file data03.cif (mmCIF, C-alpha atoms)
data_query
loop_
_atom_site.label_atom_id
_atom_site.label_comp_id
_atom_site.auth_asym_id
_atom_site.auth_seq_id
_atom_site.Cartn_x
_atom_site.Cartn_y
_atom_site.Cartn_z
CA MET A 89 -3.93 12.83 -17.02
CA VAL A 90 -3.20 9.14 -16.53
CA LEU A 91 -2.13 6.98 -13.62
CA PRO A 92 1.54 5.93 -13.38
CA THR A 93 0.80 2.20 -13.65
CA ASN A 94 1.95 -0.43 -16.13
CA LEU A 95 -1.61 -0.88 -17.40
CA LYS A 96 -3.10 0.70 -20.48
CA HIS A 97 -5.03 3.81 -19.54
CA VAL A 98 -8.24 5.63 -20.36
CA ALA A 99 -7.57 9.38 -20.22
CA THR A 100 -10.79 10.92 -21.49
CA ALA A 101 -14.52 10.24 -21.77
CA THR A 102 -14.09 10.10 -25.55
CA GLU A 103 -11.39 7.46 -25.20
CA HIS A 104 -13.64 5.59 -22.75
CA ALA A 105 -16.38 5.46 -25.38
CA GLN A 106 -13.90 4.34 -28.03
CA VAL A 107 -12.56 1.50 -25.86
CA LEU A 108 -16.10 0.24 -25.28
CA LYS A 109 -16.78 0.45 -29.00
CA ASP A 110 -13.59 -1.38 -29.96
CA HIS A 111 -13.72 -4.22 -27.42
CA GLU A 112 -16.43 -6.70 -26.48
CA ASN A 113 -15.15 -7.24 -22.93
CA VAL A 114 -13.68 -4.36 -20.94
CA MET A 115 -12.57 -3.98 -17.32
CA ILE A 116 -11.67 -0.48 -16.10
CA CYS A 117 -10.35 0.28 -12.63
CA CYS A 118 -10.94 3.91 -11.75
CA GLY A 119 -8.83 4.96 -8.79
CA ARG A 120 -5.84 6.72 -7.33
CA MET A 121 -2.32 5.57 -6.47
CA GLY A 122 -3.45 4.54 -3.00
CA PRO A 123 -3.54 1.42 -0.86
CA MET A 124 -7.01 0.26 -1.85
CA CYS A 125 -6.35 0.73 -5.59
CA LEU A 126 -2.79 -0.54 -6.13
CA PRO A 127 -3.60 -4.19 -5.38
CA VAL A 128 -6.37 -4.14 -8.00
CA TYR A 129 -4.04 -2.66 -10.66
CA ASP A 130 -1.51 -5.33 -9.71
CA ILE A 131 -4.08 -8.10 -10.12
CA MET A 132 -5.11 -6.73 -13.53
CA GLY A 133 -1.49 -6.65 -14.64
CA ASP A 134 -0.92 -10.22 -13.50
CA ILE A 135 -4.01 -11.77 -15.10
CA GLN A 136 -4.15 -9.94 -18.43
CA ASP A 137 -2.14 -12.63 -20.22
CA GLU A 138 -4.60 -15.24 -19.02
CA TYR A 139 -7.65 -13.16 -20.04
CA LYS A 140 -6.63 -12.11 -23.52
CA HIS A 141 -10.29 -11.72 -24.50
CA VAL A 142 -10.65 -8.88 -21.97
CA GLU A 143 -9.34 -5.33 -22.41
CA PHE A 144 -7.82 -4.10 -19.12
CA ARG A 145 -7.56 -0.36 -18.46
CA ASP A 146 -7.25 2.05 -15.58
CA MET A 147 -8.54 5.61 -15.25
CA MET A 148 -7.62 8.45 -12.92
CA PHE A 149 -10.40 8.93 -10.38
CA ASP A 150 -9.64 12.62 -9.83
CA SER A 151 -9.80 13.52 -13.50
CA PRO A 152 -13.05 15.31 -14.44
CA GLU A 153 -13.17 12.94 -17.43
CA SER A 154 -13.75 9.96 -15.14
CA ALA A 155 -17.23 11.29 -14.34
CA VAL A 156 -18.30 8.86 -17.05
CA ILE A 157 -17.61 6.13 -14.47
CA ARG A 158 -18.08 7.99 -11.19
CA ASN A 159 -21.56 9.21 -12.16
CA HIS A 160 -22.79 5.95 -13.62
CA PRO A 161 -26.01 4.85 -11.86
CA ALA A 162 -24.38 1.54 -10.89
CA CYS A 163 -21.82 3.49 -8.85
CA ARG A 164 -24.25 5.87 -7.14
CA ASN A 165 -23.86 4.26 -3.71
CA PHE A 166 -20.10 3.71 -3.93
CA MET A 167 -18.08 5.33 -1.15
CA GLY A 168 -14.73 3.63 -1.55
CA ILE A 169 -12.11 3.68 -4.27
CA PRO A 170 -11.37 2.16 -6.67
CA PHE A 171 -14.58 2.02 -8.69
CA THR A 172 -14.07 -1.03 -10.91
CA VAL A 173 -16.43 -1.44 -13.81
CA TYR A 174 -16.95 -4.25 -16.32
CA TYR A 175 -18.53 -3.74 -19.76
CA LYS A 176 -19.90 -6.30 -22.20
CA ASN A 177 -20.66 -4.97 -25.69
CA GLY A 178 -20.62 -1.44 -24.31
CA GLU A 179 -23.06 -2.18 -21.48
CA LEU A 180 -21.98 -2.05 -17.84
CA VAL A 181 -22.57 -5.55 -16.46
CA ALA A 182 -20.81 -5.38 -13.08
CA ALA A 183 -19.28 -2.81 -10.77
CA THR A 184 -17.44 -3.01 -7.47
CA SER A 185 -16.30 -0.48 -4.88
CA SER A 186 -13.07 -0.57 -2.82
CA ILE A 187 -10.27 -3.13 -2.81
CA GLN A 188 -10.94 -6.55 -4.35
CA SER A 189 -9.06 -9.82 -4.17
CA GLN A 190 -7.92 -11.71 -7.24
CA GLY A 191 -10.63 -14.27 -6.55
CA GLN A 192 -13.31 -11.58 -6.54
CA VAL A 193 -12.01 -10.08 -9.80
CA THR A 194 -11.70 -13.38 -11.65
CA ALA A 195 -15.12 -14.50 -10.41
CA ILE A 196 -16.67 -11.53 -12.22
CA LEU A 197 -14.49 -12.00 -15.32
CA ASP A 198 -15.38 -15.69 -15.51
CA ARG A 199 -19.07 -15.00 -14.97
CA GLU A 200 -19.48 -12.06 -17.35
CA PHE A 201 -16.81 -12.68 -20.00
CA LYS A 202 -16.75 -16.39 -20.66
CA ALA A 203 -14.02 -17.05 -23.23
CA MET B 21 2.67 -31.44 -13.11
CA GLU B 22 5.82 -29.44 -13.74
CA GLU B 23 8.46 -29.66 -10.97
CA LYS B 24 10.94 -26.93 -10.12
CA ASN B 25 13.83 -27.31 -7.69
CA VAL B 26 15.17 -24.24 -5.89
CA ASP B 27 17.37 -23.77 -2.84
CA VAL B 28 14.83 -21.76 -0.87
CA ILE B 29 11.10 -21.15 -1.23
CA ILE B 30 9.91 -17.86 0.27
CA ILE B 31 6.19 -17.63 0.89
CA GLY B 32 5.19 -13.97 0.97
CA GLY B 33 6.53 -10.97 -0.94
CA GLY B 34 6.37 -8.14 1.58
CA ALA B 35 9.35 -6.32 3.03
CA ALA B 36 10.55 -9.45 4.87
CA GLY B 37 10.17 -11.82 1.92
CA LEU B 38 11.72 -9.41 -0.59
CA THR B 39 14.69 -8.81 1.71
CA ALA B 40 15.20 -12.55 2.19
CA GLY B 41 15.00 -13.05 -1.58
CA MET B 42 17.52 -10.28 -2.13
CA TYR B 43 20.05 -11.77 0.31
CA LEU B 44 19.63 -15.32 -0.97
CA ALA B 45 19.86 -14.41 -4.65
CA ARG B 46 22.88 -12.20 -4.03
CA ALA B 47 24.53 -15.17 -2.29
CA LYS B 48 23.93 -17.14 -5.51
CA SER B 49 21.26 -19.36 -4.01
CA SER B 50 18.22 -19.96 -6.13
CA ALA B 51 15.18 -18.50 -4.44
CA VAL B 52 11.57 -18.02 -5.43
CA ILE B 53 9.13 -15.64 -3.77
CA LEU B 54 5.53 -16.83 -3.95
CA ASP B 55 2.75 -14.46 -2.96
CA SER B 56 -0.98 -15.08 -3.28
CA GLY B 57 -1.54 -11.32 -3.30
CA THR B 58 0.28 -8.16 -4.26
CA ILE B 59 4.07 -7.94 -3.99
CA GLY B 60 4.93 -5.50 -1.21
CA GLY B 61 2.31 -6.73 1.23
CA GLN B 62 1.26 -4.18 3.81
CA LEU B 63 4.10 -1.95 2.67
CA VAL B 64 2.10 -0.87 -0.39
CA LEU B 65 -0.74 0.08 1.93
CA THR B 66 1.40 2.77 3.54
CA HIS B 67 0.96 6.20 2.00
CA GLU B 68 4.11 7.77 3.36
CA VAL B 69 7.18 6.19 4.87
CA ALA B 70 9.19 8.79 6.76
CA ASN B 71 11.20 6.69 9.23
CA TYR B 72 13.02 4.22 6.99
CA PRO B 73 16.73 4.89 7.56
CA GLY B 74 18.54 6.37 4.59
CA ILE B 75 15.39 7.59 2.86
CA VAL B 76 13.97 10.94 3.90
CA THR B 77 10.47 10.17 2.68
CA THR B 78 8.88 7.87 0.13
CA SER B 79 5.64 6.03 -0.49
CA GLY B 80 5.23 2.44 0.60
CA TYR B 81 4.42 1.56 -3.02
CA GLN B 82 7.66 3.08 -4.25
CA LEU B 83 9.74 1.42 -1.54
CA ALA B 84 8.15 -1.96 -2.29
CA ASN B 85 8.78 -1.50 -6.01
CA THR B 86 12.44 -0.69 -5.37
CA MET B 87 12.82 -3.75 -3.13
CA ARG B 88 11.16 -5.88 -5.81
CA GLN B 89 13.51 -4.57 -8.50
CA GLN B 90 16.52 -5.16 -6.23
CA ALA B 91 15.50 -8.77 -5.54
CA LYS B 92 14.85 -9.43 -9.25
CA SER B 93 18.12 -7.79 -10.28
CA PHE B 94 20.01 -10.33 -8.15
CA GLY B 95 18.14 -13.18 -9.83
CA CYS B 96 15.31 -13.90 -7.41
CA GLU B 97 12.20 -15.30 -9.11
CA ILE B 98 8.98 -13.57 -8.01
CA LYS B 99 5.41 -14.74 -8.55
CA SER B 100 2.41 -12.75 -7.32
CA ASN B 101 -1.38 -13.18 -7.33
CA ILE B 102 -1.07 -16.94 -7.45
CA THR B 103 -2.84 -19.82 -5.76
CA LEU B 104 -0.81 -21.89 -3.30
CA SER B 105 -1.78 -25.40 -2.25
CA ASP B 106 -0.44 -28.74 -1.01
CA LEU B 107 2.16 -27.17 1.26
CA ASN B 108 4.55 -29.65 2.85
CA LEU B 109 6.80 -28.27 5.61
CA GLU B 110 8.17 -31.53 6.94
CA GLY B 111 10.85 -33.91 5.76
CA GLU B 112 13.97 -33.12 3.79
CA SER B 113 12.12 -31.71 0.81
CA LYS B 114 9.72 -28.79 1.36
CA THR B 115 7.11 -28.46 -1.36
CA VAL B 116 4.28 -26.20 -2.46
CA VAL B 117 2.08 -26.24 -5.55
CA VAL B 118 1.47 -23.04 -7.51
CA ASN B 119 -1.71 -22.56 -9.55
CA ASN B 120 -2.28 -26.33 -9.48
CA ASN B 121 0.40 -26.85 -12.15
CA ILE B 122 3.89 -26.22 -10.76
CA ARG B 123 5.35 -27.99 -7.72
CA TYR B 124 8.26 -26.11 -6.17
CA LYS B 125 10.73 -28.16 -4.11
CA ALA B 126 13.42 -26.82 -1.78
CA LYS B 127 15.51 -27.85 1.19
CA ALA B 128 14.62 -24.66 3.07
CA LEU B 129 11.51 -22.53 3.23
CA ILE B 130 10.95 -19.08 4.68
CA ILE B 131 7.48 -18.14 5.84
CA ALA B 132 7.01 -14.40 5.28
CA THR B 133 3.26 -14.23 4.88
CA GLY B 134 2.91 -11.02 6.90
CA GLY B 135 -0.29 -9.72 8.38
CA ARG B 136 -3.58 -8.19 7.34
CA SER B 137 -6.00 -5.63 8.69
CA ARG B 138 -8.32 -7.18 11.19
CA MET B 139 -12.01 -7.07 10.30
CA LEU B 140 -14.82 -6.85 12.82
CA ASN B 141 -16.44 -9.93 11.25
CA VAL B 142 -19.98 -8.88 12.07
CA PRO B 143 -23.05 -9.17 9.80
CA GLY B 144 -23.14 -6.68 6.92
CA GLU B 145 -19.47 -5.71 7.07
CA ALA B 146 -18.23 -7.51 3.95
CA ARG B 147 -21.37 -6.71 1.94
CA LEU B 148 -21.15 -2.96 2.67
CA LYS B 149 -17.38 -2.59 2.15
CA GLY B 150 -16.92 0.38 -0.14
CA LYS B 151 -20.53 1.39 0.42
CA GLY B 152 -20.04 3.05 3.78
CA VAL B 153 -17.65 0.62 5.46
CA SER B 154 -14.01 1.55 4.92
CA TYR B 155 -10.53 0.61 6.11
CA CYS B 156 -8.63 3.58 4.61
CA ALA B 157 -9.21 7.17 5.71
CA THR B 158 -6.90 8.73 3.14
CA CYS B 159 -8.59 6.77 0.34
CA ASP B 160 -12.22 7.25 1.18
CA GLY B 161 -12.40 10.20 3.59
CA ASP B 162 -13.59 12.66 0.95
CA PHE B 163 -16.73 10.60 0.28
CA PHE B 164 -17.92 11.63 3.75
CA GLN B 165 -17.84 15.40 3.44
CA ASP B 166 -20.25 16.87 6.04
CA LYS B 167 -21.47 13.42 6.99
CA GLU B 168 -21.51 11.66 10.36
CA ILE B 169 -19.20 8.70 10.76
CA PHE B 170 -17.94 6.20 13.32
CA VAL B 171 -14.31 5.13 13.76
CA VAL B 172 -13.69 1.76 15.38
CA GLY B 173 -10.62 1.11 17.54
CA GLY B 174 -8.52 2.59 20.31
CA GLY B 175 -4.94 2.38 19.06
CA ASN B 176 -2.72 4.98 17.41
CA SER B 177 -4.02 4.34 13.89
CA SER B 178 -7.61 4.64 14.96
CA LEU B 179 -7.17 7.89 16.87
CA GLU B 180 -4.91 9.52 14.27
CA GLU B 181 -7.30 8.62 11.46
CA ALA B 182 -10.26 9.88 13.49
CA VAL B 183 -8.58 13.27 13.77
CA SER B 184 -7.75 13.32 10.05
CA LEU B 185 -11.35 12.42 9.17
CA THR B 186 -12.64 15.54 10.94
CA LYS B 187 -11.35 17.42 7.85
CA TYR B 188 -14.30 15.93 6.01
CA ALA B 189 -16.94 14.66 8.39
CA SER B 190 -19.26 16.87 10.41
CA LYS B 191 -19.03 14.53 13.39
CA VAL B 192 -16.73 11.61 14.19
CA THR B 193 -17.59 9.12 16.93
CA ILE B 194 -14.85 6.78 18.13
CA ILE B 195 -16.20 3.50 19.43
CA HIS B 196 -13.84 1.26 21.39
CA GLN B 197 -14.38 -2.00 23.25
CA PHE B 198 -12.22 -1.18 26.29
CA ASP B 199 -12.59 1.51 28.97
CA HIS B 200 -9.39 3.26 27.85
CA PHE B 201 -7.39 3.85 24.67
CA GLN B 202 -4.15 1.99 23.90
CA ALA B 203 -2.80 4.86 21.79
CA PHE B 204 0.08 7.15 22.74
CA LYS B 205 -0.73 10.01 25.08
CA HIS B 206 -0.33 12.71 22.42
CA ALA B 207 -2.81 10.94 20.12
CA ILE B 208 -5.36 10.72 22.91
CA GLU B 209 -4.90 14.41 23.70
CA GLU B 210 -5.45 15.32 20.04
CA VAL B 211 -8.71 13.40 20.06
CA LYS B 212 -9.96 14.86 23.33
CA LYS B 213 -9.39 18.44 22.30
CA ASN B 214 -11.11 18.04 18.91
CA PRO B 215 -14.68 19.42 19.17
CA LYS B 216 -15.91 17.26 16.28
CA ILE B 217 -14.99 14.01 18.01
CA ASN B 218 -17.28 12.08 20.33
CA ILE B 219 -16.16 8.96 22.25
CA ILE B 220 -18.06 5.81 23.15
CA LEU B 221 -16.08 3.35 25.29
CA GLN B 222 -16.74 -0.24 26.36
CA SER B 223 -18.94 -0.76 23.31
CA LYS B 224 -18.78 -2.68 20.06
CA ILE B 225 -20.57 -2.69 16.74
CA THR B 226 -22.66 -5.83 16.31
CA GLU B 227 -24.21 -5.28 12.87
CA PHE B 228 -24.04 -3.06 9.78
CA LEU B 229 -27.43 -2.25 8.29
CA GLY B 230 -28.43 -1.08 4.82
CA ASP B 231 -29.45 -2.46 1.44
CA GLU B 232 -27.57 -0.56 -1.26
CA LYS B 233 -25.34 1.36 1.16
CA LEU B 234 -24.66 1.67 4.88
CA GLU B 235 -27.60 3.29 6.61
CA ALA B 236 -27.18 2.39 10.28
CA ILE B 237 -25.32 0.28 12.80
CA ARG B 238 -26.24 -1.65 15.88
CA TYR B 239 -23.86 -1.42 18.78
CA GLN B 240 -23.82 -2.80 22.27
CA ASN B 241 -22.54 -1.41 25.55
CA LEU B 242 -20.37 -4.27 26.81
CA LYS B 243 -20.76 -3.22 30.45
CA THR B 244 -24.54 -2.92 30.59
CA GLY B 245 -25.51 -5.12 27.65
CA GLU B 246 -27.74 -2.34 26.35
CA GLU B 247 -28.13 -2.26 22.55
CA PHE B 248 -28.42 0.82 20.35
CA HIS B 249 -29.53 1.50 16.77
CA GLN B 250 -27.60 4.39 15.24
CA PRO B 251 -28.29 5.83 11.76
CA ILE B 252 -24.86 6.59 10.26
CA ASP B 253 -23.26 7.40 6.89
CA GLY B 254 -19.91 5.70 7.30
CA VAL B 255 -17.74 3.54 9.53
CA PHE B 256 -13.95 3.35 9.38
CA ILE B 257 -12.37 0.31 10.99
CA PHE B 258 -8.84 0.37 12.46
CA ILE B 259 -8.55 -2.49 14.92
CA GLY B 260 -5.04 -3.70 14.26
CA TYR B 261 -3.56 -6.59 12.37
CA GLU B 262 -3.54 -10.34 12.48
CA ALA B 263 -1.00 -12.80 11.15
CA ASN B 264 -1.55 -14.43 7.76
CA THR B 265 -0.99 -17.94 9.03
CA ASP B 266 -4.30 -19.58 8.10
CA MET B 267 -2.55 -21.96 5.73
CA PHE B 268 -0.49 -23.34 8.66
CA HIS B 269 -3.34 -23.92 11.09
CA GLY B 270 -3.52 -27.59 11.92
CA SER B 271 0.05 -28.21 10.74
CA SER B 272 2.93 -29.11 13.04
CA LEU B 273 4.35 -25.57 12.78
CA LYS B 274 4.37 -24.02 16.25
CA LEU B 275 2.07 -20.99 16.55
CA ASN B 276 1.28 -18.95 19.64
CA GLU B 277 -2.21 -18.16 20.95
CA SER B 278 -2.43 -15.24 18.47
CA LYS B 279 -1.65 -17.66 15.61
CA GLU B 280 1.77 -16.08 15.03
CA VAL B 281 4.76 -18.27 14.15
CA VAL B 282 7.09 -18.94 17.08
CA ALA B 283 10.82 -18.74 16.29
CA ASP B 284 14.17 -18.15 17.94
CA GLU B 285 16.43 -15.15 17.32
CA LEU B 286 17.81 -16.82 14.18
CA MET B 287 14.26 -17.07 12.81
CA LYS B 288 14.30 -20.86 13.14
CA THR B 289 10.90 -22.43 13.75
CA ASN B 290 10.29 -25.76 15.44
CA LEU B 291 10.52 -27.48 12.04
CA THR B 292 13.90 -28.27 10.48
CA GLY B 293 14.64 -26.08 7.47
CA ILE B 294 11.63 -23.83 8.07
CA PHE B 295 12.31 -20.20 8.93
CA VAL B 296 10.02 -17.23 9.50
CA ALA B 297 10.32 -13.49 8.89
CA GLY B 298 8.13 -10.44 9.24
CA ASP B 299 4.79 -9.54 10.77
CA ASN B 300 3.59 -13.14 10.98
CA ARG B 301 6.30 -13.89 13.57
CA ALA B 302 5.49 -13.76 17.28
CA LYS B 303 7.18 -10.55 18.40
CA ARG B 304 6.52 -7.22 20.07
CA TYR B 305 7.23 -4.63 17.37
CA ARG B 306 6.11 -4.60 13.75
CA GLN B 307 7.75 -2.04 11.49
CA ILE B 308 9.18 -2.09 7.96
CA THR B 309 12.63 -2.02 9.55
CA THR B 310 11.90 -5.03 11.76
CA ALA B 311 10.52 -6.95 8.79
CA VAL B 312 13.66 -6.18 6.81
CA ALA B 313 15.81 -7.31 9.75
CA ASP B 314 13.81 -10.54 10.06
CA GLY B 315 14.17 -11.18 6.32
CA THR B 316 17.92 -10.69 6.49
CA ILE B 317 18.36 -13.03 9.46
CA ALA B 318 16.04 -15.67 7.99
CA ALA B 319 17.98 -15.64 4.70
CA LEU B 320 21.36 -15.92 6.43
CA SER B 321 20.06 -18.70 8.67
CA ALA B 322 18.67 -20.51 5.64
CA LEU B 323 22.07 -20.20 3.92
CA ASP B 324 23.78 -21.65 7.02
CA PHE B 325 21.26 -24.46 7.00
CA LEU B 326 21.87 -25.21 3.30
CA ASN B 327 25.64 -25.21 3.85
CA SER B 328 25.27 -27.62 6.75
CA GLN B 329 23.43 -30.02 4.45
CA HIS B 330 26.32 -30.36 1.96
#
call {"tool": "encode", "arguments": {"input": "data03.cif", "output": "structure tokens"}}
result
Amino acid sequence: MVLPTNLKHVATATEHAQVLKDHENVMICCGRMGPMCLPVYDIMGDIQDEYKHVEFRDMMFDSPESAVIRNHPACRNFMGIPFTVYYKNGELVAATSSIQSQGQVTAILDREFKA
Amino acid sequence: MEEKNVDVIIIGGGAAGLTAGMYLARAKSSAVILDSGTIGGQLVLTHEVANYPGIVTTSGYQLANTMRQQAKSFGCEIKSNITLSDLNLEGESKTVVVNNNIRYKAKALIIATGGRSRMLNVPGEARLKGKGVSYCATCDGDFFQDKEIFVVGGGNSSLEEAVSLTKYASKVTIIHQFDHFQAFKHAIEEVKKNPKINIILQSKITEFLGDEKLEAIRYQNLKTGEEFHQPIDGVFIFIGYEANTDMFHGSSLKLNESKEVVADELMKTNLTGIFVAGDNRAKRYRQITTAVADGTIAALSALDFLNSQH
């Protein structure tokens, strides 16, 4: 199960692990096709050409496979979708809950994934 | 800096801006839509649209996408998630700089910057967004299964969402600053007959408390001044919209006391060649249909203006 967005997707926990293994810098937005999530997908789609050193993916929040993100300790207090997570060399380095602006997203990308 | 000349610059890519772009491009005028956020504006924030003529039901996201495709198919240029600066609304040439590297120039400009959900702007609100503070019941309601929550506001959205949240929460308390609700009668009746809903009037939240997540709120009775500390799991805020006109504050563009752009029935502002469309315009009703109507009129007025310049 994947989201109907124009982004590349993560469908399973196995694929999630593989993406982290294959890429140094990874941003995954785990959400639904709802009003708090769509703007974040849109931002990711618009900035991915500028941040070629970052792998951008989405993941379906309601898939059991996304427990790999939903149950991560960094997300334990999150009560708003999407859960957006950032990984550096396989380690989660930042996570946000609910809608984010482009400025908030790029601030994390610039801080954690300096080109 | 690169310079680009177009006939009309449209600031804002919601229903009004996309409609204006569609009409202008179809009339063979060069138009660019510039949006610092997501194309579709508040339209994409609407789960279901059931009262748009000609379409039985659709999602706001789908409707916005279709409008975007229509505008692009006619040749309208669209740029989203960009930074806008150095806006010049006066003189013969209207200009705006995109991402600090492209200056767009046009004889006419349509302001279609729309509106945004109003925040309470009290301490702790921004920090605890997504950690107990929410603005979307359909998105986040299921995180509050069997929990106690507050809903802020007294309009239709607030009361309807409060009722919908009783599907999840064990108790919903509506807190509203006035002594009565502004919602329609049927919405008020739905709230009053729901045994899970409690009502606190003439009160406002003054602070959100919690370290890692929302743990409590402070609220004040506006009549007596008495303050309360209330442990709570979640707060949903639905207190209406405000116009996205911050970038025009301090300019010579005429705004009303609510910071909405003042215009005549042809969407002409007080500045020559500057038109307005959509939820940022001073008007009574704000619907997708009224935004589309505004966008149409603004585009046709801009075309008239361009023709008068030749």
call {"tool": "interface_residues", "arguments": {"input": "data03.cif", "of": "chain B", "to": "chain A", "cutoff": "6 Å", "atoms": "all atoms listed in the file", "output": "list of chain:residue names"}}
result
B:Thr58, B:Leu65, B:Gly150, B:Lys151, B:Gly152, B:Asp160, B:Phe163, B:Lys233
call {"tool": "resolve_selection", "arguments": {"input": "data03.cif", "expression": "the PyMOL selection byres ((chain B and resi 114) around 9)", "output": "list in words"}}
result
Val28, Ile29, Leu107, Asn108, Leu109, Glu110, Gly111, Glu112, Ser113, Thr115, Val116, Tyr124, Lys125, Ala126, Lys127, Ala128, Leu129, Gly293 and Ile294 of chain B
call {"tool": "resolve_selection", "arguments": {"input": "data03.cif", "expression": "the PyMOL selection byres ((chain A and resi 140-151) around 9)", "output": "ChimeraX atom specification"}}
result
/A:89-91,93,95-100,107,111-121,129,132-133,135-139,152-155,157-158,169-172,197,201-203
call {"tool": "atom_distance", "arguments": {"input": "data03.cif", "atom1": "CA of Ala132 (chain B)", "atom2": "CA of Ile308 (chain B)"}}
result
12.8 Å
call {"tool": "atom_distance", "arguments": {"input": "data03.cif", "atom1": "CA of Lys243 (chain B)", "atom2": "CA of Ile194 (chain B)"}}
result
16.9 Å
call {"tool": "resolve_selection", "arguments": {"input": "data03.cif", "expression": "the PyMOL selection byres ((chain B and resi 238) around 10)", "output": "PyMOL selection string"}}
result
chain B and resi 224-229+236-237+239-240+247-251
call {"tool": "atom_distance", "arguments": {"input": "data03.cif", "atom1": "CA of Asp324 (chain B)", "atom2": "CA of Ala91 (chain B)"}}
result
19.8 Å
